[in-house]
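Enquirer: Below you'll find the structure I mean.
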Amino acid sequence: YLMSQLSGGQKALVALALIFAIQRCDPAPFYLFDELDQALDSTYRAAVASLIERQANSEENPTQFVCSTFRPELVSVANRCYGISHQNKVSNIHHLSKRDALHFIANLMSEEEAVGEVTSLPASKAASSRGSGGGSS
């Protein structure tokens, strides 16, 4: 198989498998992942979260993982959660309880679903609603 034939989630899994294989042979003290679960479905996100949790709590080679995510699976296994706010061109870091972090993500996901529902109107409804407006062409 060629990598170009794989989906985004499959490519992410291949990359993560390579990283975790290297990590088992030559462990580093910490890993920094930016939305590593973004392209994965919930089943794979849960599996990756479980793998990270096991490795972080390993008695042989415990490793620290710093991960940014907007999905609940990694947050549910996290030891600490932080939120970052941006106001007046200044970023601030806030310690969040796991409950607050999961609540934030749930709200974010429900907003995404609402936007998805609006943007996926059937073509006939979208065309009729555009036709009823008072704009000029």
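Residue numbers start at 1 in each chain; chains themselves are named A, B, ... in the order of the structure tokens; ligands are numbered from 1 in the order shown.
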With stretch 18-34 of chain A as the partner and 9 Å as the cut-off, tabulate the residues of stretch 57-107 of chain A that qualify, each row holding the nearest pair of atoms and their distance in Å to one decimal, using only C-alpha atoms, sorted by chain and rising number, as a Markdown table.

Expert:
| residue | atom | partner | partner_atom | distance |
| --- | --- | --- | --- | --- |
| A:Asn61 | CA | A:Pro27 | CA | 7.2 |
| A:Pro62 | CA | A:Pro29 | CA | 7.7 |
| A:Thr63 | CA | A:Pro29 | CA | 5.3 |
| A:Gln64 | CA | A:Phe30 | CA | 4.4 |
| A:Phe65 | CA | A:Tyr31 | CA | 4.9 |
| A:Val66 | CA | A:Leu32 | CA | 4.8 |
| A:Cys67 | CA | A:Phe33 | CA | 4.7 |
| A:Ser68 | CA | A:Asp34 | CA | 4.9 |
| A:Thr69 | CA | A:Asp34 | CA | 7.0 |

Enquirer: How would the residues just picked look written out with C-alpha atoms as a CSV table (one decimal), in the first residue's frame?

Expert:
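Saved the output as out10.csv:
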chain,number,residue,atom,x,y,z
A,61,ASN,CA,9.8,3.7,31.5
A,62,PRO,CA,7.3,6.2,32.6
A,63,THR,CA,7.0,9.0,30.1
A,64,GLN,CA,5.3,12.4,30.2
A,65,PHE,CA,2.9,13.2,27.4
A,66,VAL,CA,1.8,16.8,26.8
A,67,CYS,CA,-1.1,16.8,24.3
A,68,SER,CA,-3.4,19.4,22.9
A,69,THR,CA,-6.8,18.1,22.0

Enquirer: Quick check, in Å to one decimal: how far apart do atom CA of A:Pro72 and atom CA of A:Asn107 lie?

Expert: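 Atom CA of A:Asn107 lies 11.1 Å from atom CA of A:Pro72.
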
Enquirer: As a ChimeraX atom specification, which residues of chain A does DSSP assign to alpha helix (DSSP H)?

Expert: /A:8-25,42-56,72-77,98-119,123-131

Enquirer: Could you pull the residues within 12 Å of stretch 86-102 of chain A, counting only C-alpha atoms, minus those fewer than 5 positions along the same chain, as a list of chain:residue names?

Expert: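 Counting only the stated atoms, we get A:Ser68, A:Thr69, A:Phe70, A:Arg71, A:Pro72, A:Glu73, A:Leu74, A:Val75, A:Ser76, A:Val77, A:Ala78, A:Asn79, A:Arg80, A:Cys81, A:Asn107, A:Leu108, A:Met109.
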
Enquirer: Can you tell me which residues surround A:Lys11 at a distance of at most 12 Å, considering only C-alpha atoms, apart from same-chain residues fewer than 4 positions away, and format the answer as a list in words?

Expert: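 The neighbour list is Tyr1, Leu2, Met3, Ser4, Gln5, Leu6, Ser7, Ala15, Leu16, Ala17, Leu18, Leu36, Asp37, Gln38, Ala39 and Leu40 of chain A.
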
Enquirer: Could you pull out the residues in stretch 17-135 of chain A that DSSP calls strand (DSSP E or B) from the backbone, as a compact mmCIF listing (two decimals) with all heavy atoms, in the first residue's frame?

Expert:
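Output contents, as saved in selection11.txt:
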# COMPACT_ATOMS: atom_id res chain seq x y z
N PHE A 30 9.78 12.87 27.58
CA PHE A 30 8.45 13.41 27.34
C PHE A 30 8.20 13.53 25.84
O PHE A 30 9.12 13.54 25.02
CB PHE A 30 8.26 14.79 28.01
CG PHE A 30 8.96 15.92 27.32
CD1 PHE A 30 8.31 16.69 26.37
CD2 PHE A 30 10.29 16.20 27.61
CE1 PHE A 30 8.97 17.74 25.73
CE2 PHE A 30 10.95 17.25 26.98
CZ PHE A 30 10.29 18.01 26.04
N TYR A 31 6.92 13.61 25.50
CA TYR A 31 6.48 13.79 24.12
C TYR A 31 5.47 14.92 24.09
O TYR A 31 4.66 15.06 25.00
CB TYR A 31 5.83 12.51 23.57
CG TYR A 31 6.83 11.40 23.40
CD1 TYR A 31 7.15 10.56 24.46
CD2 TYR A 31 7.49 11.22 22.20
CE1 TYR A 31 8.09 9.57 24.32
CE2 TYR A 31 8.44 10.23 22.05
CZ TYR A 31 8.73 9.40 23.12
OH TYR A 31 9.66 8.43 22.98
N LEU A 32 5.51 15.71 23.05
CA LEU A 32 4.59 16.83 22.87
C LEU A 32 3.79 16.57 21.60
O LEU A 32 4.36 16.48 20.50
CB LEU A 32 5.38 18.14 22.76
CG LEU A 32 4.60 19.42 22.54
CD1 LEU A 32 3.66 19.69 23.70
CD2 LEU A 32 5.55 20.59 22.35
N PHE A 33 2.48 16.41 21.75
CA PHE A 33 1.60 16.13 20.62
C PHE A 33 0.57 17.24 20.47
O PHE A 33 -0.09 17.61 21.44
CB PHE A 33 0.86 14.80 20.81
CG PHE A 33 1.71 13.58 20.73
CD1 PHE A 33 1.75 12.68 21.78
CD2 PHE A 33 2.46 13.30 19.60
CE1 PHE A 33 2.52 11.53 21.71
CE2 PHE A 33 3.23 12.16 19.53
CZ PHE A 33 3.27 11.27 20.57
N ASP A 34 0.42 17.74 19.28
CA ASP A 34 -0.57 18.77 18.99
C ASP A 34 -1.71 18.14 18.21
O ASP A 34 -1.56 17.81 17.03
CB ASP A 34 0.07 19.92 18.19
CG ASP A 34 -0.91 21.03 17.89
OD1 ASP A 34 -1.90 21.19 18.65
OD2 ASP A 34 -0.70 21.74 16.90
N GLN A 64 6.25 11.31 30.14
CA GLN A 64 5.27 12.39 30.23
C GLN A 64 4.79 12.73 28.82
O GLN A 64 5.58 12.87 27.90
CB GLN A 64 5.90 13.61 30.88
CG GLN A 64 4.93 14.75 31.07
CD GLN A 64 5.55 15.92 31.80
OE1 GLN A 64 6.75 15.97 32.00
NE2 GLN A 64 4.73 16.87 32.17
N PHE A 65 3.48 12.87 28.68
CA PHE A 65 2.87 13.25 27.41
C PHE A 65 2.15 14.57 27.60
O PHE A 65 1.32 14.70 28.50
CB PHE A 65 1.87 12.19 26.94
CG PHE A 65 2.51 10.90 26.53
CD1 PHE A 65 2.73 9.89 27.45
CD2 PHE A 65 2.91 10.69 25.22
CE1 PHE A 65 3.33 8.70 27.08
CE2 PHE A 65 3.51 9.50 24.84
CZ PHE A 65 3.72 8.51 25.77
N VAL A 66 2.49 15.54 26.78
CA VAL A 66 1.80 16.83 26.77
C VAL A 66 1.04 16.86 25.45
O VAL A 66 1.65 16.82 24.38
CB VAL A 66 2.80 18.01 26.86
CG1 VAL A 66 2.07 19.33 26.81
CG2 VAL A 66 3.66 17.88 28.12
N CYS A 67 -0.28 16.90 25.55
CA CYS A 67 -1.12 16.79 24.34
C CYS A 67 -2.14 17.91 24.30
O CYS A 67 -2.77 18.21 25.32
CB CYS A 67 -1.87 15.47 24.33
SG CYS A 67 -0.86 14.00 24.48
N SER A 68 -2.30 18.51 23.14
CA SER A 68 -3.42 19.43 22.95
C SER A 68 -4.51 18.64 22.23
O SER A 68 -4.22 17.81 21.37
CB SER A 68 -3.01 20.64 22.13
OG SER A 68 -2.72 20.28 20.80
N CYS A 81 -5.32 19.15 33.30
CA CYS A 81 -5.91 19.80 32.12
C CYS A 81 -5.73 21.30 32.24
O CYS A 81 -5.86 21.88 33.32
CB CYS A 81 -7.41 19.48 32.02
SG CYS A 81 -7.77 17.73 31.84
N TYR A 82 -5.45 21.92 31.11
CA TYR A 82 -5.27 23.37 31.05
C TYR A 82 -6.06 23.92 29.88
O TYR A 82 -6.20 23.28 28.85
CB TYR A 82 -3.79 23.73 30.87
CG TYR A 82 -2.93 23.30 32.02
CD1 TYR A 82 -2.28 22.07 32.01
CD2 TYR A 82 -2.76 24.13 33.13
CE1 TYR A 82 -1.50 21.66 33.08
CE2 TYR A 82 -1.98 23.74 34.20
CZ TYR A 82 -1.35 22.49 34.17
OH TYR A 82 -0.58 22.10 35.23
N GLY A 83 -6.55 25.12 30.07
CA GLY A 83 -7.20 25.85 28.99
C GLY A 83 -6.37 27.08 28.68
O GLY A 83 -5.69 27.62 29.56
N ILE A 84 -6.43 27.51 27.45
CA ILE A 84 -5.69 28.71 27.06
C ILE A 84 -6.69 29.72 26.51
O ILE A 84 -7.49 29.40 25.63
CB ILE A 84 -4.62 28.38 25.99
CG1 ILE A 84 -3.63 27.38 26.57
CG2 ILE A 84 -3.91 29.65 25.54
CD1 ILE A 84 -2.63 26.84 25.59
N SER A 85 -6.66 30.90 27.06
CA SER A 85 -7.53 31.97 26.57
C SER A 85 -6.65 33.04 25.94
O SER A 85 -5.47 33.16 26.23
CB SER A 85 -8.35 32.56 27.72
OG SER A 85 -7.51 33.18 28.67
N HIS A 86 -7.27 33.79 25.04
CA HIS A 86 -6.55 34.84 24.33
C HIS A 86 -7.41 36.09 24.40
O HIS A 86 -8.55 36.10 23.92
CB HIS A 86 -6.31 34.42 22.88
CG HIS A 86 -5.48 35.39 22.11
ND1 HIS A 86 -4.12 35.41 22.19
CD2 HIS A 86 -5.84 36.37 21.26
CE1 HIS A 86 -3.66 36.37 21.41
NE2 HIS A 86 -4.69 36.97 20.83
N GLN A 87 -6.88 37.13 25.02
CA GLN A 87 -7.63 38.38 25.14
C GLN A 87 -6.65 39.54 25.06
O GLN A 87 -5.60 39.54 25.71
CB GLN A 87 -8.37 38.40 26.48
CG GLN A 87 -9.33 39.53 26.62
CD GLN A 87 -10.16 39.39 27.89
OE1 GLN A 87 -9.87 38.59 28.76
NE2 GLN A 87 -11.20 40.19 27.98
N VAL A 90 -3.03 38.81 24.34
CA VAL A 90 -2.29 38.14 25.41
C VAL A 90 -2.92 36.77 25.66
O VAL A 90 -4.13 36.67 25.83
CB VAL A 90 -2.31 38.97 26.72
CG1 VAL A 90 -1.62 38.23 27.85
CG2 VAL A 90 -1.68 40.34 26.49
N SER A 91 -2.09 35.73 25.67
CA SER A 91 -2.56 34.38 25.99
C SER A 91 -2.37 34.11 27.48
O SER A 91 -1.37 34.50 28.07
CB SER A 91 -1.77 33.34 25.19
OG SER A 91 -2.03 33.49 23.82
N ASN A 92 -3.36 33.46 28.06
CA ASN A 92 -3.30 33.08 29.47
C ASN A 92 -3.59 31.60 29.61
O ASN A 92 -4.45 31.06 28.91
CB ASN A 92 -4.33 33.88 30.28
CG ASN A 92 -4.02 35.35 30.29
OD1 ASN A 92 -3.02 35.75 30.85
ND2 ASN A 92 -4.88 36.15 29.66
N ILE A 93 -2.90 30.95 30.55
CA ILE A 93 -3.09 29.53 30.80
C ILE A 93 -3.88 29.39 32.10
O ILE A 93 -3.56 30.03 33.10
CB ILE A 93 -1.74 28.81 30.91
CG1 ILE A 93 -0.98 28.95 29.59
CG2 ILE A 93 -1.95 27.34 31.25
CD1 ILE A 93 0.43 28.42 29.64
N HIS A 94 -4.91 28.54 32.06
CA HIS A 94 -5.78 28.32 33.21
C HIS A 94 -5.82 26.83 33.54
O HIS A 94 -6.05 26.02 32.64
CB HIS A 94 -7.21 28.80 32.92
CG HIS A 94 -7.27 30.18 32.36
ND1 HIS A 94 -7.24 31.31 33.15
CD2 HIS A 94 -7.33 30.62 31.07
CE1 HIS A 94 -7.30 32.38 32.38
NE2 HIS A 94 -7.36 31.99 31.12
N HIS A 95 -5.60 26.49 34.80
CA HIS A 95 -5.75 25.10 35.22
C HIS A 95 -7.24 24.78 35.26
O HIS A 95 -8.03 25.56 35.79
CB HIS A 95 -5.12 24.87 36.60
CG HIS A 95 -5.20 23.45 37.03
ND1 HIS A 95 -6.20 22.99 37.82
CD2 HIS A 95 -4.40 22.39 36.74
CE1 HIS A 95 -6.02 21.69 38.03
NE2 HIS A 95 -4.93 21.31 37.38
N LEU A 96 -7.63 23.66 34.65
CA LEU A 96 -9.03 23.25 34.63
C LEU A 96 -9.18 21.91 35.33
O LEU A 96 -8.29 21.06 35.23
CB LEU A 96 -9.53 23.09 33.18
CG LEU A 96 -9.52 24.30 32.28
CD1 LEU A 96 -9.93 23.90 30.87
CD2 LEU A 96 -10.44 25.38 32.80

Enquirer: When you count only C-alpha atoms, which of these residues is closest to A:Gly9: A:Glu35, A:Glu59, A:Asp41, A:Glu111?

Expert: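 Smallest distance to A:Gly9 is found for A:Asp41.
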
Enquirer: What is the atom CA of A:Phe104 to atom CA of A:Ser58 distance in Å?

Expert: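 Computed distance, atom CA of A:Phe104 to atom CA of A:Ser58, equals 29.3 Å.
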